[in-house]
$ cat my_file20.cif   # mmCIF, C-alpha atoms
data_protein
loop_
_atom_site.group_PDB
_atom_site.id
_atom_site.type_symbol
_atom_site.label_atom_id
_atom_site.label_comp_id
_atom_site.auth_asym_id
_atom_site.auth_seq_id
_atom_site.Cartn_x
_atom_site.Cartn_y
_atom_site.Cartn_z
ATOM 1 C CA ASN A 482 226.646 53.271 127.849
ATOM 2 C CA PHE A 483 229.963 54.099 126.188
ATOM 3 C CA THR A 484 228.260 56.271 123.563
ATOM 4 C CA LEU A 485 226.185 58.087 126.203
ATOM 5 C CA ILE A 486 229.171 58.922 128.421
ATOM 6 C CA THR A 487 231.303 59.919 125.430
ATOM 7 C CA VAL A 488 228.677 62.220 123.933
ATOM 8 C CA GLY A 489 227.832 63.640 127.363
ATOM 9 C CA SER A 490 231.463 64.301 128.243
ATOM 10 C CA VAL A 491 232.197 65.889 124.861
ATOM 11 C CA ILE A 492 229.226 68.214 125.322
ATOM 12 C CA SER A 493 230.459 69.083 128.839
ATOM 13 C CA MET A 494 234.057 69.618 127.681
ATOM 14 C CA LEU A 495 232.859 71.779 124.800
ATOM 15 C CA GLY A 496 230.865 73.998 127.131
ATOM 16 C CA ASN A 497 233.702 74.145 129.653
ATOM 17 C CA SER A 498 236.260 75.126 127.007
ATOM 18 C CA LEU A 499 234.033 77.894 125.691
ATOM 19 C CA SER A 500 233.206 79.421 129.049
ATOM 20 C CA GLY A 501 236.583 79.001 130.758
ATOM 21 C CA PHE A 502 238.438 81.067 128.196
ATOM 22 C CA ALA A 503 235.616 83.580 127.798
ATOM 23 C CA MET A 504 235.572 84.160 131.575
ATOM 24 C CA SER A 505 239.257 85.081 131.472
ATOM 25 C CA LEU A 506 238.483 87.608 128.739
ATOM 26 C CA LEU A 507 235.609 88.930 130.859
ATOM 27 C CA VAL A 508 238.012 89.551 133.743
ATOM 28 C CA LEU A 509 240.358 91.487 131.472
ATOM 29 C CA ASP A 510 237.496 93.514 129.995
ATOM 30 C CA TYR A 511 235.924 94.448 133.336
ATOM 31 C CA THR A 512 239.096 95.041 135.348
ATOM 32 C CA GLY A 513 241.735 95.887 132.737
ATOM 33 C CA SER A 514 244.242 94.369 135.158
ATOM 34 C CA THR A 515 246.691 91.559 134.476
ATOM 35 C CA PHE A 516 246.968 91.049 138.257
ATOM 36 C CA TYR A 517 243.235 90.318 138.493
ATOM 37 C CA PHE A 518 243.546 88.056 135.477
ATOM 38 C CA ALA A 519 246.337 86.096 137.216
ATOM 39 C CA LEU A 520 244.287 85.986 140.424
ATOM 40 C CA TYR A 521 241.318 84.627 138.472
ATOM 41 C CA MET A 522 243.511 81.920 136.902
ATOM 42 C CA ALA A 523 244.930 80.907 140.303
ATOM 43 C CA VAL A 524 241.476 80.682 141.890
ATOM 44 C CA TYR A 525 240.116 78.758 138.900
ATOM 45 C CA MET A 526 243.020 76.268 138.979
ATOM 46 C CA LEU A 527 243.344 75.815 142.776
ATOM 47 C CA PRO A 528 240.471 73.300 143.055
ATOM 48 C CA ARG A 529 242.109 71.199 140.332
ATOM 49 C CA ILE A 530 245.022 70.641 142.717
ATOM 50 C CA VAL A 531 243.077 70.066 145.937
ATOM 51 C CA MET A 532 239.732 68.507 144.994
ATOM 52 C CA PRO A 533 240.917 65.282 143.318
ATOM 53 C CA VAL A 534 242.562 64.240 146.601
ATOM 54 C CA LEU A 535 239.486 65.138 148.642
ATOM 55 C CA SER A 536 236.821 63.825 146.274
ATOM 56 C CA GLY A 537 238.383 60.438 145.433
ATOM 57 C CA PRO A 538 237.477 58.663 148.701
ATOM 58 C CA PHE A 539 233.941 60.104 148.610
ATOM 59 C CA LEU A 540 233.407 58.958 145.013
ATOM 60 C CA ASP A 541 234.555 55.449 145.914
ATOM 61 C CA ARG A 542 231.617 55.174 148.319
ATOM 62 C CA THR A 543 228.919 56.618 146.108
ATOM 63 C CA SER A 544 227.556 56.183 142.609
ATOM 64 C CA ARG A 545 229.907 57.829 140.151
ATOM 65 C CA ARG A 546 227.120 57.789 137.580
ATOM 66 C CA ARG A 547 224.908 59.830 139.885
ATOM 67 C CA ALA A 548 227.804 62.148 140.767
ATOM 68 C CA ILE A 549 228.511 62.787 137.085
ATOM 69 C CA TYR A 550 224.981 63.733 136.099
ATOM 70 C CA MET A 551 224.326 65.685 139.319
ATOM 71 C CA LEU A 552 227.484 67.750 138.757
ATOM 72 C CA ASP A 553 226.322 68.483 135.214
ATOM 73 C CA PHE A 554 222.846 69.504 136.430
ATOM 74 C CA ILE A 555 224.448 71.823 139.030
ATOM 75 C CA SER A 556 226.795 73.277 136.402
ATOM 76 C CA SER A 557 223.856 73.904 134.102
ATOM 77 C CA GLY A 558 222.013 75.774 136.845
ATOM 78 C CA LEU A 559 225.092 77.830 137.745
ATOM 79 C CA TYR A 560 225.735 78.902 134.177
ATOM 80 C CA ALA A 561 222.078 79.852 133.768
ATOM 81 C CA LEU A 562 222.309 81.903 136.982
ATOM 82 C CA PHE A 563 225.526 83.587 135.766
ATOM 83 C CA ALA A 564 223.836 84.454 132.474
ATOM 84 C CA VAL A 565 220.905 86.072 134.278
ATOM 85 C CA ILE A 566 223.168 88.023 136.671
ATOM 86 C CA LEU A 567 225.503 89.270 133.949
ATOM 87 C CA HIS A 568 222.531 90.116 131.701
ATOM 88 C CA THR A 569 221.472 92.641 134.333
ATOM 89 C CA GLY A 570 224.897 94.278 133.991
ATOM 90 C CA TRP A 571 225.985 93.515 137.555
ATOM 91 C CA PHE A 572 229.595 92.424 137.992
ATOM 92 C CA ASN A 573 231.522 92.064 141.224
ATOM 93 C CA PHE A 574 235.040 90.681 141.022
ATOM 94 C CA GLY A 575 234.937 89.082 144.500
ATOM 95 C CA ALA A 576 231.683 87.261 143.721
ATOM 96 C CA PHE A 577 233.112 86.298 140.348
ATOM 97 C CA LEU A 578 236.157 84.711 142.052
ATOM 98 C CA VAL A 579 233.873 82.678 144.320
ATOM 99 C CA ALA A 580 231.901 81.534 141.271
ATOM 100 C CA CYS A 581 235.115 80.579 139.451
ATOM 101 C CA PHE A 582 236.309 78.604 142.466
ATOM 102 C CA LEU A 583 232.969 76.797 142.535
ATOM 103 C CA ILE A 584 233.127 76.022 138.805
ATOM 104 C CA GLY A 585 236.701 74.779 139.149
ATOM 105 C CA THR A 586 235.633 72.578 142.072
ATOM 106 C CA LEU A 587 232.717 71.068 140.157
ATOM 107 C CA ASP A 588 234.877 70.452 137.111
ATOM 108 C CA SER A 589 237.709 68.806 139.046
ATOM 109 C CA VAL A 590 235.328 66.498 140.943
ATOM 110 C CA TYR A 591 233.626 65.673 137.619
ATOM 111 C CA GLN A 592 237.000 64.737 136.106
ATOM 112 C CA VAL A 593 237.783 62.334 138.968
ATOM 113 C CA ALA A 594 234.337 60.735 138.717
ATOM 114 C CA TYR A 595 234.524 60.504 134.929
ATOM 115 C CA GLU A 596 238.023 59.018 134.804
ATOM 116 C CA SER A 597 237.162 56.346 137.366
ATOM 117 C CA PHE A 598 233.740 55.594 135.832
ATOM 118 C CA TYR A 599 234.814 55.480 132.168
ATOM 119 C CA PRO A 600 236.544 52.040 132.316
ATOM 120 C CA LEU A 601 233.307 50.455 133.583
ATOM 121 C CA LEU A 602 231.587 51.420 130.333
ATOM 122 C CA ILE A 603 234.116 49.900 127.942
ATOM 123 C CA SER A 604 233.596 46.357 126.743
ATOM 124 C CA GLU A 605 236.422 43.856 127.131
ATOM 125 C CA GLY A 606 239.104 44.215 124.451
ATOM 126 C CA ASN A 607 238.102 47.741 123.415
ATOM 127 C CA TYR A 608 240.098 49.764 125.944
ATOM 128 C CA SER A 609 242.709 51.139 123.524
ATOM 129 C CA LYS A 610 240.034 52.116 120.968
ATOM 130 C CA ALA A 611 237.896 53.772 123.634
ATOM 131 C CA TYR A 612 240.777 55.777 125.081
ATOM 132 C CA SER A 613 241.858 56.801 121.576
ATOM 133 C CA VAL A 614 238.364 58.135 120.908
ATOM 134 C CA SER A 615 238.314 59.913 124.262
ATOM 135 C CA SER A 616 241.717 61.575 123.864
ATOM 136 C CA THR A 617 240.929 62.642 120.292
ATOM 137 C CA LEU A 618 237.680 64.259 121.394
ATOM 138 C CA GLU A 619 239.405 66.019 124.306
ATOM 139 C CA THR A 620 241.999 67.435 121.915
ATOM 140 C CA MET A 621 239.287 68.569 119.515
ATOM 141 C CA THR A 622 237.519 70.518 122.265
ATOM 142 C CA MET A 623 240.699 72.573 122.699
ATOM 143 C CA VAL A 624 240.040 73.974 119.233
ATOM 144 C CA MET A 625 237.116 75.760 120.874
ATOM 145 C CA LEU A 626 239.433 78.243 122.650
ATOM 146 C CA PRO A 627 239.896 80.545 119.648
ATOM 147 C CA VAL A 628 236.237 80.033 118.747
ATOM 148 C CA SER A 629 235.364 81.110 122.280
ATOM 149 C CA ALA A 630 237.342 84.339 121.877
ATOM 150 C CA ILE A 631 235.637 85.132 118.565
ATOM 151 C CA VAL A 632 232.141 84.373 119.866
ATOM 152 C CA TYR A 633 232.830 86.381 123.041
ATOM 153 C CA ARG A 634 233.825 89.409 120.952
ATOM 154 C CA TRP A 635 230.769 89.083 118.700
ATOM 155 C CA VAL A 636 227.999 88.364 121.181
ATOM 156 C CA GLY A 637 229.438 88.721 124.699
ATOM 157 C CA ILE A 638 229.524 86.373 127.663
ATOM 158 C CA VAL A 639 225.788 85.999 128.344
ATOM 159 C CA PRO A 640 225.036 83.893 125.212
ATOM 160 C CA LEU A 641 228.077 81.746 126.000
ATOM 161 C CA PHE A 642 226.773 81.100 129.511
ATOM 162 C CA ILE A 643 223.341 80.258 128.094
ATOM 163 C CA PHE A 644 225.023 77.862 125.660
ATOM 164 C CA ASP A 645 226.908 76.296 128.600
ATOM 165 C CA ALA A 646 223.714 75.915 130.608
ATOM 166 C CA VAL A 647 222.061 74.127 127.687
ATOM 167 C CA THR A 648 225.067 71.881 126.953
ATOM 168 C CA PHE A 649 225.486 70.834 130.575
ATOM 169 C CA LEU A 650 221.761 70.139 130.830
ATOM 170 C CA ALA A 651 221.870 68.014 127.661
ATOM 171 C CA ALA A 652 224.904 66.120 128.960
ATOM 172 C CA ALA A 653 223.224 65.478 132.318
ATOM 173 C CA VAL A 654 220.057 64.171 130.673
ATOM 174 C CA LEU A 655 222.115 61.814 128.485
ATOM 175 C CA GLU A 656 224.143 60.629 131.476
ATOM 176 C CA THR A 657 221.020 59.717 133.458
ATOM 177 C CA GLN A 658 220.362 57.041 130.817
ATOM 178 C CA ILE A 659 223.607 55.152 131.551
ATOM 179 C CA ARG A 660 223.024 51.755 133.137
ATOM 180 C CA VAL A 661 225.976 50.012 134.765
ATOM 181 C CA ASP A 662 226.637 47.943 137.889
ATOM 182 C CA GLU A 663 228.899 49.960 140.184
ATOM 183 C CA THR A 664 230.355 47.184 142.299
ATOM 184 C CA GLN A 665 232.851 49.459 144.075
ATOM 185 C CA ILE A 666 229.992 50.809 146.223
ATOM 186 C CA GLN A 667 229.250 47.369 147.657
ATOM 187 C CA LYS A 668 232.983 46.637 148.120
ATOM 188 C CA CYS A 669 233.555 49.893 150.017
ATOM 189 C CA GLY A 670 230.486 49.227 152.171
ATOM 190 C CA ALA A 671 231.756 45.733 153.011
ATOM 191 C CA GLU A 672 235.213 47.085 153.911
ATOM 192 C CA ASP A 673 233.615 49.663 156.214
ATOM 193 C CA GLY A 674 231.659 46.930 157.955
ATOM 194 C CA ASN A 675 228.276 48.020 156.559
#

$ encode --input "my_file20.cif" --output "structure tokens"
Amino acid sequence: NFTLITVGSVISMLGNSLSGFAMSLLVLDYTGSTFYFALYMAVYMLPRIVMPVLSGPFLDRTSRRRAIYMLDFISSGLYALFAVILHTGWFNFGAFLVACFLIGTLDSVYQVAYESFYPLLISEGNYSKAYSVSSTLETMTMVMLPVSAIVYRWVGIVPLFIFDAVTFLAAAVLETQIRVDETQIQKCGAEDGN
């Protein structure tokens, strides 16, 4: 279980790092405006402030495992859709902002689900090792930012979105194989009187 969630989350983080930075470059290329770039960044980051507060209570009452792989399946589909749309050459900044808000929302809900689910997958006595592995891998995915810029310049955004669609799909498939008893669902149901 620990290996599955770690590999799946690294694949997701890798894809997210690549596309997030490349999308900011796309905004600059299409609009040529630093104001639109700042607006994109604000819209992309806004869900990261709001959604953890809103999604936490919901995730306590549902399977975090299911939430994690469903969010990755949805992300995969969205990135595939973005690749198809941008391949046609169509770009609308308003629609792009909505898409960025949606991606930011999915990612922030995923982070809450992941961070609350991760401890359930670590065997007793291995918490410090597991969190060391996790933080090291998160730091390593940040190295992908300059790689993202180089790849974006060489091949454009469409191959990056296709790569993201594939990585999120692979992560989701891996995450469906995790088997763990999520006792918080029964506890929340008992507290609600169900």

$ residues_near_point --input "my_file20.cif" --point "(225.3, 81.7, 136.1)" --cutoff "12 Å" --atoms "all atoms listed in the file" --output "VMD selection string"
chain A and resid 500 504 555 to 569 571 to 572 576 to 577 579 to 581 583 to 584 638 to 647

$ closest_residue --input "my_file20.cif" --among "A:Ser615, A:Arg545, A:Leu507, A:Phe582" --to "Ile603 of chain A" --atoms "only C-alpha atoms"
A:Ser615

$ atom_distance --input "my_file20.cif" --atom1 "atom CA of Ala519 of chain A" --atom2 "atom CA of Tyr591 of chain A"
24.1 Å

$ closest_residue --input "my_file20.cif" --among "A:Ser597, A:Ser536, A:Thr620, A:Gln658" --to "Leu495 of chain A" --atoms "all atoms listed in the file"
A:Thr620

$ closest_residue --input "my_file20.cif" --among "A:Asp553, A:Glu663, A:Asp510, A:Asp541" --to "Arg634 of chain A" --atoms "all atoms listed in the file"
A:Asp510

$ residues_around --input "my_file20.cif" --residues "Ser505 of chain A" --least-positions-apart "5" --cutoff "8 Å" --atoms "only C-alpha atoms" --output "PyMOL selection string"
chain A and resi 518+521-522

$ build_atoms --input "my_file20.cif" --residues "segment 649-663 of chain A" --atoms "N, CA and C atoms" --output "mmCIF file, in the frame of the given file"
data_model
loop_
_atom_site.group_PDB
_atom_site.id
_atom_site.type_symbol
_atom_site.label_atom_id
_atom_site.label_comp_id
_atom_site.auth_asym_id
_atom_site.auth_seq_id
_atom_site.Cartn_x
_atom_site.Cartn_y
_atom_site.Cartn_z
ATOM 1 N N PHE A 649 225.379 71.629 129.354
ATOM 2 C CA PHE A 649 225.486 70.834 130.575
ATOM 3 C C PHE A 649 224.167 70.126 130.894
ATOM 4 N N LEU A 650 223.059 70.777 130.622
ATOM 5 C CA LEU A 650 221.761 70.139 130.830
ATOM 6 C C LEU A 650 221.598 68.942 129.889
ATOM 7 N N ALA A 651 221.956 69.120 128.625
ATOM 8 C CA ALA A 651 221.870 68.014 127.661
ATOM 9 C C ALA A 651 222.769 66.856 128.072
ATOM 10 N N ALA A 652 223.983 67.175 128.514
ATOM 11 C CA ALA A 652 224.904 66.120 128.960
ATOM 12 C C ALA A 652 224.342 65.373 130.160
ATOM 13 N N ALA A 653 223.779 66.108 131.115
ATOM 14 C CA ALA A 653 223.224 65.478 132.318
ATOM 15 C C ALA A 653 222.062 64.558 131.969
ATOM 16 N N VAL A 654 221.200 65.003 131.076
ATOM 17 C CA VAL A 654 220.057 64.171 130.673
ATOM 18 C C VAL A 654 220.553 62.893 130.003
ATOM 19 N N LEU A 655 221.545 63.007 129.122
ATOM 20 C CA LEU A 655 222.115 61.814 128.485
ATOM 21 C C LEU A 655 222.725 60.875 129.529
ATOM 22 N N GLU A 656 223.443 61.442 130.473
ATOM 23 C CA GLU A 656 224.143 60.629 131.476
ATOM 24 C C GLU A 656 223.186 59.918 132.433
ATOM 25 N N THR A 657 221.984 60.426 132.602
ATOM 26 C CA THR A 657 221.020 59.717 133.458
ATOM 27 C C THR A 657 220.572 58.409 132.824
ATOM 28 N N GLN A 658 220.781 58.247 131.520
ATOM 29 C CA GLN A 658 220.362 57.041 130.817
ATOM 30 C C GLN A 658 221.383 55.903 130.883
ATOM 31 N N ILE A 659 222.562 56.181 131.443
ATOM 32 C CA ILE A 659 223.607 55.152 131.551
ATOM 33 C C ILE A 659 223.185 54.121 132.583
ATOM 34 N N ARG A 660 223.350 52.858 132.230
ATOM 35 C CA ARG A 660 223.024 51.755 133.137
ATOM 36 C C ARG A 660 224.249 50.876 133.292
ATOM 37 N N VAL A 661 224.792 50.827 134.500
ATOM 38 C CA VAL A 661 225.976 50.012 134.765
ATOM 39 C C VAL A 661 225.976 49.615 136.237
ATOM 40 N N ASP A 662 226.537 48.435 136.524
ATOM 41 C CA ASP A 662 226.637 47.943 137.889
ATOM 42 C C ASP A 662 227.904 48.512 138.518
ATOM 43 N N GLU A 663 227.747 49.348 139.514
ATOM 44 C CA GLU A 663 228.899 49.960 140.184
ATOM 45 C C GLU A 663 229.246 49.136 141.423
#
